[in-house]
Amino acid sequence: MKPRSLRRRATAALAALAACAALTATQGQAQAAPAGDTLTPATKFYVDPHSKAAKQALTDLGNGDFANALNMAKLASWPQAEWFTEGTPQEVRAKVRSLVREARVVNRTPVLVAYNVPGRDCTQYSSGGAASSAAYRQWIDAFAAGIGDSKAVVVVEPDGLALLPSDCGPGVDPTGELTATRIADLAYAVKTIKSKARTAVYLDAGNVLWRSVGDMARRLLDAGVQHSDGFALNVSNTHPTDHNARYGTWIAKCMWFATEGPEEARGHTDWCATQYYSPAAPNDGAPGNAVDSADPATWRWTDAWFDQSVGTPPNDALHHFVIDTSRNGLGAWTPEPGKYTGDPEAWCNAPGRGLGPRPTADTGVPLVDAYLWIKIPGESDGSCTRNTGGTIDPEYGIVDPPAGTWWPDQAHTLARNAAPRLTFNR
């Protein structure tokens with residue numbers, strides 16, 4: 001393509017981006033949803049006209065980088081979540097209220113992430129959180145108050161349940177008190193935020209290659225998922241959408257099995273087949289003859305156990321879920337065999353990834369309420385080192401930006417590698 005033609009397209013794209021807010025407002029007035037709805041296939045999510053991608057588009061254009069400017073304008077046209085990670089109760093109430101009011105003006109539903117639980121991320125790249133359980137609950141009260149009677153979708157505490165204090169290493173929680181408090185805090189957050197009539201709440205549940213089905217089902221039940229709209233999967237990760245959909249369906253069926261299923265199964269999420277094991281499989285160690293979490297072709301045995309033991313409960317009797325597709329267009333990253341002797345941190349700023357399925361509440365999958373871009377595409381996961389002992393990320397040859405920092409090169413890569421190909425949201 002000739003440079004002049006590309007420049008014209010980039011300039012036109014940015015002009016379209018500038019008009020996005022007005023266009024969204026017009027569409028919102030024409031497609032008003034019933035007042036009581038929270039999340040339905042017709043839900044339209046809020047697009048921030050001042051997002052980091054929108055600002056990057058202007059920067060790229062000013063630098064004469066027309067190809068990336070065009071891609072950033074496209075990226076900025078799609079809805080992304082807004083994370084709330086700190087601040088006083090007064091500050092978070094004001095910021096949440098401002099966001100939901102902006103979305104309300106254009107009749108769109110914003111996606112918010114509450115990420116401030118004490119001791120989050122086991123002191124790793126995204127460590128932090130409220131100073132105490134009492135402080136956290138005051139913060140959650142203010143968060144919910146900020147939403148008020150506006151429409152909203154809230155994802156509660158990414159990794160907060162999959163990475164409990166008891167999972168942080170030997171000696172971190174010897175008495176179990178920290179873990180019990182964490183679960184109680186998550187349950188408080190779910191119930192408090194869900195008390196707002198027009199808010200859909202999803203409690204984070206990790207991803208398909210983390211906790212086993214039964215383990216996560218138990219944790220969700222302990223943390224009050226029954227008071228929410230369901231759970232969230234794959235936040236800030238790159239695992240394929242269909243893999244997470246299968247995993248989420250098993251979790252939903254496992255929770256039903258252990259609460260509404262046969263009397264003898266009550267409380268026994270530990271009986272559920274998983275992505276790692278199924279009693280329906282031979283599990284004799286022979287290749288292809290056991291459930292392998294890295295080979296979904298073997299998950300047929302897990303499906304078989306659920307078919308035999310759980311059957312087909314009606315979809316409205318099962319917990320639903322949402323999937324983060326912000327970086328999973330090309331699936332998960334696997335480093336070259338033998339490249340790293342320790343944990344390669346495959347989840348951390350995985351190189352060469354692409355945007356996944358576009359955000360929508362019309363997924364066509366019965367239990368999947370929405371595909372969302374929960375992790376903001378282009379924000380770093382932290383200063384990953386691949387456990388090499390240094391400070392440099394060998395995949396990039398630099399010190400990665402701190403967690404949550406905007407990283408233009410990563411944003412450009414995600415947009416360029418998008419699968420399906422990135423287009424404007426119309």
# chains A, B, ... in the order shown; residues from 1 in each chain; ligands from 1
$ residues_around --residues "range 80-87 of chain A" --least-positions-apart "2" --cutoff "8 Å" --atoms "only C-alpha atoms" --output "list of chain:residue names"
A:Tyr46, A:Val47, A:Asp48, A:Trp78, A:Pro89, A:Gln90, A:Glu91, A:Val92, A:Pro110, A:Val111, A:Leu112, A:Val113, A:Ala114, A:Tyr115, A:Asn116, A:Gly129, A:Ala130, A:Pro359, A:Leu372, A:Trp373, A:Ile374, A:Lys375, A:Ile376
$ write_last_selection --atoms "C-alpha atoms" --output "CSV table (one decimal), in the first residue's frame"
chain,number,residue,atom,x,y,z
A,46,TYR,CA,-19.3,0.8,27.2
A,47,VAL,CA,-16.3,2.1,25.1
A,48,ASP,CA,-14.1,4.7,26.8
A,78,TRP,CA,-13.8,-2.0,21.3
A,89,PRO,CA,-13.3,4.6,49.9
A,90,GLN,CA,-14.2,8.1,48.9
A,91,GLU,CA,-11.9,8.0,45.9
A,92,VAL,CA,-13.2,4.7,44.6
A,110,PRO,CA,-19.5,-0.7,31.7
A,111,VAL,CA,-17.3,-3.6,32.8
A,112,LEU,CA,-15.5,-3.0,36.1
A,113,VAL,CA,-12.9,-5.0,37.9
A,114,ALA,CA,-12.6,-4.9,41.7
A,115,TYR,CA,-8.9,-5.7,42.5
A,116,ASN,CA,-7.9,-4.7,46.0
A,129,GLY,CA,-4.4,-4.6,48.1
A,130,ALA,CA,-6.1,-3.1,51.1
A,359,PRO,CA,-16.2,-8.5,23.4
A,372,LEU,CA,-14.9,-9.7,27.5
A,373,TRP,CA,-11.6,-7.9,27.2
A,374,ILE,CA,-11.0,-7.8,31.0
A,375,LYS,CA,-7.2,-7.5,30.9
A,376,ILE,CA,-6.6,-4.2,29.1
$ select_by_dssp --residues "range 99-264 of chain A" --states "alpha helix (DSSP H)" --output "ChimeraX atom specification"
/A:99-105,133-147,177-194,213-222,241-259
$ closest_atom_pairs --of "range 186-271 of chain A" --to "range 333-344 of chain A" --cutoff "12 Å" --atoms "only C-alpha atoms" --output "tab-separated table"
residue	atom	partner	partner_atom	distance
A:Asn237	CA	A:Trp333	CA	10.0
A:Thr238	CA	A:Trp333	CA	7.5
A:His239	CA	A:Trp333	CA	8.5
A:Pro240	CA	A:Trp333	CA	10.6
$ residues_around --residues "Met255 in chain A" --least-positions-apart "4" --cutoff "7 Å" --atoms "only C-alpha atoms" --output "list of chain:residue names"
A:Ala217, A:Ile251, A:Thr259, A:Thr269
$ write_last_selection --atoms "C-alpha atoms" --output "compact mmCIF listing (two decimals), in the first residue's frame"
# COMPACT_ATOMS: atom_id res chain seq x y z
CA ALA A 217 -15.90 -25.66 42.29
CA ILE A 251 -17.15 -26.46 36.99
CA THR A 259 -25.31 -29.29 45.76
CA THR A 269 -16.90 -31.59 44.49
$ residues_around --residues "Gly230 in chain A" --least-positions-apart "2" --cutoff "8 Å" --atoms "only C-alpha atoms" --output "PyMOL selection string"
chain A and resi 201-203+225-226+228+232+319-322
$ closest_atom_pairs --of "range 112-145 of chain A" --to "range 184-197 of chain A" --cutoff "8 Å" --atoms "only C-alpha atoms" --output "tab-separated table"
residue	atom	partner	partner_atom	distance
A:Val117	CA	A:Asp185	CA	7.7
A:Ser133	CA	A:Asp185	CA	6.7
A:Tyr136	CA	A:Asp185	CA	7.8
A:Arg137	CA	A:Asp185	CA	7.1
A:Ile140	CA	A:Ala189	CA	6.1
A:Asp141	CA	A:Thr192	CA	6.8
A:Phe143	CA	A:Ile193	CA	7.7
A:Ala144	CA	A:Ile193	CA	5.0
$ write_last_selection --atoms "N, CA and C atoms" --output "CSV table (one decimal), in the first residue's frame"
chain,number,residue,atom,x,y,z
A,117,VAL,N,-8.1,-6.8,47.1
A,117,VAL,CA,-8.2,-7.7,48.2
A,117,VAL,C,-6.8,-7.7,49.0
A,133,SER,N,-8.7,-6.6,56.3
A,133,SER,CA,-10.1,-7.0,55.9
A,133,SER,C,-11.1,-5.9,56.1
A,136,TYR,N,-10.7,-3.3,53.5
A,136,TYR,CA,-11.2,-3.8,52.2
A,136,TYR,C,-12.8,-3.8,52.1
A,137,ARG,N,-13.4,-4.2,53.2
A,137,ARG,CA,-14.9,-4.2,53.2
A,137,ARG,C,-15.4,-2.7,53.1
A,140,ILE,N,-15.1,-1.9,49.4
A,140,ILE,CA,-16.1,-2.6,48.7
A,140,ILE,C,-17.5,-1.9,48.8
A,141,ASP,N,-17.8,-1.5,50.1
A,141,ASP,CA,-19.0,-0.8,50.3
A,141,ASP,C,-19.1,0.5,49.4
A,143,PHE,N,-17.3,1.0,46.6
A,143,PHE,CA,-17.3,0.6,45.2
A,143,PHE,C,-18.8,0.3,44.8
A,144,ALA,N,-19.5,-0.4,45.6
A,144,ALA,CA,-20.9,-0.7,45.3
A,144,ALA,C,-21.8,0.5,45.4
$ residues_around --residues "Asp400 in chain A" --least-positions-apart "2" --cutoff "7 Å" --atoms "only C-alpha atoms" --output "CSV table (one decimal) with N, CA and C atoms, in the first residue's frame"
chain,number,residue,atom,x,y,z
A,382,GLY,N,3.8,-7.3,34.4
A,382,GLY,CA,4.9,-7.1,35.4
A,382,GLY,C,6.2,-7.3,34.8
A,383,SER,N,7.3,-7.1,35.6
A,383,SER,CA,8.7,-7.2,35.1
A,383,SER,C,9.1,-8.7,35.1
A,384,CYS,N,8.6,-9.4,34.2
A,384,CYS,CA,8.8,-10.9,34.1
A,384,CYS,C,10.3,-11.2,33.9
A,393,ASP,N,13.9,-9.6,30.9
A,393,ASP,CA,13.0,-10.6,30.3
A,393,ASP,C,13.7,-11.1,29.1
A,398,ILE,N,14.6,-6.8,27.5
A,398,ILE,CA,14.5,-5.5,28.3
A,398,ILE,C,13.9,-5.9,29.7
A,402,PRO,N,6.4,-2.3,34.8
A,402,PRO,CA,5.7,-2.8,35.9
A,402,PRO,C,4.3,-3.2,35.6
$ decode --residues "range 343-366 of chain A" --atoms "N, CA and C atoms" --output "tab-separated table (two decimals), in the first residue's frame"
chain	number	residue	atom	x	y	z
A	343	ASP	N	10.52	-22.14	36.00
A	343	ASP	CA	9.21	-21.77	35.49
A	343	ASP	C	9.35	-20.65	34.46
A	344	PRO	N	8.93	-20.85	33.21
A	344	PRO	CA	9.08	-19.82	32.19
A	344	PRO	C	8.04	-18.71	32.28
A	345	GLU	N	7.16	-18.80	33.27
A	345	GLU	CA	6.11	-17.79	33.45
A	345	GLU	C	5.35	-17.57	32.15
A	346	ALA	N	4.79	-18.65	31.65
A	346	ALA	CA	4.11	-18.59	30.35
A	346	ALA	C	2.93	-17.63	30.35
A	347	TRP	N	2.42	-17.30	31.52
A	347	TRP	CA	1.27	-16.39	31.64
A	347	TRP	C	1.70	-14.93	31.61
A	348	CYS	N	2.99	-14.65	31.80
A	348	CYS	CA	3.47	-13.30	32.04
A	348	CYS	C	4.00	-12.65	30.77
A	349	ASN	N	3.27	-11.65	30.25
A	349	ASN	CA	3.67	-10.98	29.02
A	349	ASN	C	4.08	-11.98	27.95
A	350	ALA	N	3.21	-12.96	27.73
A	350	ALA	CA	3.51	-14.00	26.74
A	350	ALA	C	3.80	-13.36	25.38
A	351	PRO	N	4.93	-13.65	24.78
A	351	PRO	CA	5.30	-13.00	23.53
A	351	PRO	C	4.50	-13.49	22.34
A	352	GLY	N	4.35	-12.61	21.35
A	352	GLY	CA	3.76	-13.00	20.08
A	352	GLY	C	2.29	-13.33	20.12
A	353	ARG	N	1.56	-12.87	21.13
A	353	ARG	CA	0.14	-13.21	21.24
A	353	ARG	C	-0.70	-12.21	20.43
A	354	GLY	N	-2.01	-12.49	20.34
A	354	GLY	CA	-2.92	-11.64	19.59
A	354	GLY	C	-4.25	-11.49	20.29
A	355	LEU	N	-4.94	-10.41	20.00
A	355	LEU	CA	-6.30	-10.22	20.50
A	355	LEU	C	-7.17	-11.40	20.09
A	356	GLY	N	-8.10	-11.78	20.96
A	356	GLY	CA	-8.99	-12.89	20.67
A	356	GLY	C	-10.37	-12.43	20.24
A	357	PRO	N	-11.38	-13.29	20.38
A	357	PRO	CA	-12.74	-12.93	19.99
A	357	PRO	C	-13.17	-11.59	20.59
A	358	ARG	N	-13.92	-10.83	19.80
A	358	ARG	CA	-14.33	-9.50	20.22
A	358	ARG	C	-15.33	-9.56	21.38
A	359	PRO	N	-15.30	-8.54	22.23
A	359	PRO	CA	-16.24	-8.49	23.36
A	359	PRO	C	-17.69	-8.51	22.86
A	360	THR	N	-18.48	-9.40	23.46
A	360	THR	CA	-19.89	-9.51	23.10
A	360	THR	C	-20.63	-10.28	24.18
A	361	ALA	N	-21.90	-9.98	24.36
A	361	ALA	CA	-22.76	-10.76	25.25
A	361	ALA	C	-23.59	-11.76	24.47
A	362	ASP	N	-23.37	-11.82	23.18
A	362	ASP	CA	-24.09	-12.75	22.31
A	362	ASP	C	-23.12	-13.82	21.84
A	363	THR	N	-22.79	-14.76	22.72
A	363	THR	CA	-21.73	-15.73	22.44
A	363	THR	C	-22.22	-16.96	21.69
A	364	GLY	N	-23.51	-17.26	21.80
A	364	GLY	CA	-24.03	-18.48	21.19
A	364	GLY	C	-23.71	-19.73	21.98
A	365	VAL	N	-23.03	-19.60	23.12
A	365	VAL	CA	-22.67	-20.73	23.98
A	365	VAL	C	-23.55	-20.65	25.22
A	366	PRO	N	-24.36	-21.66	25.50
A	366	PRO	CA	-25.40	-21.54	26.52
A	366	PRO	C	-24.96	-21.00	27.88
